[in-house]
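Inspection log for the structure reproduced underneath, given as structure tokens.
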Amino acid sequence: MTTQQQATTGEPTGRLAITLWDFSWYTQAGPGEPFADLDRAFAETVERGFNTVRVCAMPFLLFSGRVQAPESTQVQGLGGEFGQRTRWYNVRGGYPLDGRRRLVELFEAAARHDCKVIVSSWEYQQSPSFADTDTWHRALAAVPGPDRAEVVAEALADLLDFLTERGLADRVAYVEVHNEVDNCSLVPDDGVTHYARLRGPLDRAVKLLRSRHPAVPVTYSLGEPWPDELDDLPEQAQIAHFHFYVYGVLGALYRAVGLGHGTEPAPRTAAWPTPELAGMLRPDAPAFADHRPDEPWRLAATGIPRELFYAHDWVDPDRWDLWLYENYAAHRQAMRETLAGWVDSVAGFARRRGIPAVLGEGVVGYTPLLTRFEEDAVGKDIAEFVVDRCLAAGFHGVVLTSNAAPHHPMWHTDGDWMRRMNARITGGRPGAAVQTVTGEDQA
């Protein structure tokens, strides 16, 4: 049985106040970069009211045995200015990555600062694009599609063994088989419904992890919910972990400038950049044909269209934000209704399964690094709406926004807002019953 705690102001609830460190904790760790000093990064995290970091722990690279000489990996950017004004891809690199040592340093620092770690993997998405060679990327691709979830789960189980041997496993909040299993190549698309296709591979992967580490909660993370299909999800997960990127007005801007959503291919137009995007570009923007990574495989490893990199790297941030502000009113109500529906549907799903719900990423969508729409008044209003709705629905963990992390500009400008919002999460306002869970509770 799970333990129920009544959330009252001032009483600890065990809720997770999450900041998304993703793979950046090892790809932006060079001299002077946000994660060069993990103790400082954790100190800033705690000072802003967070108690949990969510990371790619590199399980396939470090523990699958399928990547030759993983300890010789070097971190490298995508090449020149490519990705340098794009969130998460603005990696400079130029330093060695001893992944196992870095992992120990992360968990030791988490222990010193009394933080938890959500262990995940972005390896079938972006992580390998920042290595100096394509060895990691090719090793992932070589695993047959139906076997990938179990291979990553086996590597995660070995990772937990590694942490247990060093007395660090108590820092693990829970383990995800992979980030957004519905939106990556971890599970092949066999033509059945969106969630039903996940059942076999993820059932096997979660069972494997639970059998080897029954005290650690295990799940998989999912992108934006498909409410009508939630009950098709595999039964074994012990956390209902979802991401809420509403897009709305941002999606309208993407369409106006000829982009797809997130990782969707850009729509083909007679001329690209479109006139709308051309009018937003910086005066020093190169021709689209000239803006490329230094090696073609890196773009494939990101899963992101080159058009999106071009737009995010070369758009004028003020013009981008101005378009969003001028058009937001027409989308405001629909965006809030969508978010409310997602929160309520996931909360209902979690109650039916008897497991906690967690919002692991959100809230508006993927914006250029130097834009401020999500960080300023409108974006904060949307984020506060989601946080309060999640708390009222009994969520066990909430991220404020995916941009509230050391490698995003708002980390240094919006600390007071983060402290105030995280106090709502960890202090229990507005008040709701919440759940804490261990893997053994649901064995």
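Letters A, B, ... mark the chains of the structure tokens in the order given; residue numbers begin at 1 per chain; ligand numbers begin at 1, in order shown.
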**Request:** Just the residues within 9 Å of Asn327 (chain A), please, counting only C-alpha atoms, with nothing from its chain fewer than 6 positions along; format it as a list in words.
**Result:**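 Surrounding residues, per the criterion: Val249, Ala252 and Leu253 of chain A.
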**Message:** Using DSSP secondary structure from the backbone, list all alpha helix (DSSP H) positions within region 208-424 of chain A, as number ranges by chain.
**Reply:** A: 208-212, 249-256, 275-278, 296-302, 306-314, 317-328, 332-353, 377-392, 415-424
**Who sits within 12 Å of region 270-274 of chain A, only C-alpha atoms, same chain under 3 positions skipped, as an MDAnalysis selection string** = chainID A and resid 253:259 266:267 277:281 285:289 306:308 310:311 314:315
**Prompt:** Any idea what's packed within 9 Å of Leu400 (chain A), counting only C-alpha atoms, ignoring anything in its chain fewer than 6 positions away? Could you give it as a ChimeraX atom specification?
**Reply:** /A:17-19,359,361-363,380,383-384,386-387,418,421-422
**Message:** Can you pull out every residue from region 51-182 of chain A that DSSP, working from the backbone, puts in strand (DSSP E), and format the result as a ChimeraX atom specification?
**Reply:** /A:52-56,74-76,93-96,116-120,172-176
**Message:** Show me, as a ChimeraX atom specification, the residues that have an atom within 9 Å of Val91 (chain A) when counting only C-alpha atoms, minus same-chain residues fewer than 5 positions from it.
**Reply:** /A:24,27-28,75-78,83-84,130
**Prompt:** Residues at most 9 Å from Gln125 (chain A), counting only C-alpha atoms, excluding those fewer than 4 positions away in the same chain, as a list in words?
**Reply:** Ser121, Ser129, Asn179, Asn183, Cys184, Ser185, Leu186, Ala301, Thr302 and Gly303 of chain A
Within 6 Å of region 41-64 of chain A: each region 114-210 of chain A residue with its shortest pair, only C-alpha atoms, as a tab-separated table:
residue	atom	partner	partner_atom	distance
A:Cys115	CA	A:Asn51	CA	4.9
A:Lys116	CA	A:Thr52	CA	4.6
A:Val117	CA	A:Val53	CA	5.0
A:Ile118	CA	A:Arg54	CA	4.5
A:Val119	CA	A:Val55	CA	5.7
A:Ser120	CA	A:Cys56	CA	4.8
A:Ser121	CA	A:Cys56	CA	4.3
A:Trp122	CA	A:Cys56	CA	5.6
A:Val152	CA	A:Phe60	CA	5.9
A:Ala155	CA	A:Ser64	CA	4.9
A:Leu156	CA	A:Pro59	CA	5.4
**Request:** Measure the distance from CA of Trp320 (chain A) to CA of Arg87 (chain A) in Å and round it to one decimal.
**Result:**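 Separation between CA of Trp320 (chain A) and CA of Arg87 (chain A): 14.8 Å.
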**Nearest-residue call for Ile239 (chain A), choices A:Asp316, A:Glu176, A:Asp189, A:Asp294, using only C-alpha atoms** = A:Glu176
**Prompt:** Separation of CA of Gly354 (chain A) and CA of Arg15 (chain A), in Å?
**Reply:**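 Between CA of Gly354 (chain A) and CA of Arg15 (chain A) the gap is 16.6 Å.
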**Message:** Given only C-alpha atoms as the basis, pick out the residue of A:Arg298, A:Arg102, A:Arg336, A:Arg199 nearest to Asp182 (chain A).
**Reply:** A:Arg199
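Interatomic distance, CA of Arg389 (chain A) to CA of Leu324 (chain A): 23.8 Å.
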With a distance cut-off of 8 Å and only C-alpha atoms, select the neighbouring residues of region 207-209 of chain A, excluding the residue or stretch itself and same-chain residues fewer than 5 positions from it, and output the selection as a PDB file with N, CA, C and O atoms, in the first residue's frame.
ATOM      1  N   GLU A 150      14.667  -3.460 -23.239  1.00  0.00           N
ATOM      2  CA  GLU A 150      15.291  -4.391 -22.286  1.00  0.00           C
ATOM      3  C   GLU A 150      16.791  -4.156 -22.161  1.00  0.00           C
ATOM      4  O   GLU A 150      17.358  -4.282 -21.064  1.00  0.00           O
ATOM      5  N   ALA A 153      17.121  -1.225 -19.946  1.00  0.00           N
ATOM      6  CA  ALA A 153      16.741  -1.602 -18.588  1.00  0.00           C
ATOM      7  C   ALA A 153      17.849  -2.408 -17.913  1.00  0.00           C
ATOM      8  O   ALA A 153      18.138  -2.221 -16.722  1.00  0.00           O
ATOM      9  N   GLU A 154      18.461  -3.327 -18.654  1.00  0.00           N
ATOM     10  CA  GLU A 154      19.567  -4.104 -18.093  1.00  0.00           C
ATOM     11  C   GLU A 154      20.722  -3.183 -17.700  1.00  0.00           C
ATOM     12  O   GLU A 154      21.337  -3.342 -16.630  1.00  0.00           O
ATOM     13  N   LEU A 156      20.449  -0.019 -16.897  1.00  0.00           N
ATOM     14  CA  LEU A 156      20.010   0.729 -15.719  1.00  0.00           C
ATOM     15  C   LEU A 156      20.123  -0.111 -14.452  1.00  0.00           C
ATOM     16  O   LEU A 156      20.498   0.399 -13.387  1.00  0.00           O
ATOM     17  N   ALA A 157      19.788  -1.386 -14.542  1.00  0.00           N
ATOM     18  CA  ALA A 157      19.927  -2.261 -13.378  1.00  0.00           C
ATOM     19  C   ALA A 157      21.386  -2.353 -12.951  1.00  0.00           C
ATOM     20  O   ALA A 157      21.709  -2.323 -11.753  1.00  0.00           O
ATOM     21  N   PRO A 214      13.943  -4.272  -6.379  1.00  0.00           N
ATOM     22  CA  PRO A 214      12.546  -4.099  -5.951  1.00  0.00           C
ATOM     23  C   PRO A 214      12.301  -2.897  -5.060  1.00  0.00           C
ATOM     24  O   PRO A 214      11.155  -2.468  -4.924  1.00  0.00           O
ATOM     25  N   VAL A 218      10.081   2.180 -10.401  1.00  0.00           N
ATOM     26  CA  VAL A 218      10.454   2.104 -11.816  1.00  0.00           C
ATOM     27  C   VAL A 218       9.289   2.590 -12.671  1.00  0.00           C
ATOM     28  O   VAL A 218       8.122   2.287 -12.388  1.00  0.00           O
ATOM     29  N   GLN A 236       2.950  -2.191 -15.505  1.00  0.00           N
ATOM     30  CA  GLN A 236       3.963  -2.384 -14.477  1.00  0.00           C
ATOM     31  C   GLN A 236       4.530  -1.094 -13.884  1.00  0.00           C
ATOM     32  O   GLN A 236       5.180  -1.118 -12.839  1.00  0.00           O
TER      33      GLN A 236
END
**Asked** Between A:Trp297, A:Tyr195, A:Phe82, A:Tyr247, which is the closest to Leu222 (chain A) once you count only C-alpha atoms?
**Response**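 Among A:Trp297, A:Tyr195, A:Phe82, A:Tyr247, it is A:Tyr195 that comes nearest to Leu222 (chain A).
Checking A:Phe395, A:Thr73, A:Asp158, A:His407 one by one against Gly14 (chain A), counting only C-alpha atoms, you find the shortest gap at A:Phe395.
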**Request:** Determine the nearest neighbour of Pro227 (chain A) from the options A:Phe349, A:Tyr95, A:Trp411, A:Tyr325, counting only C-alpha atoms.
**Result:**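 So, comparing all the options, the nearest one is A:Phe349.
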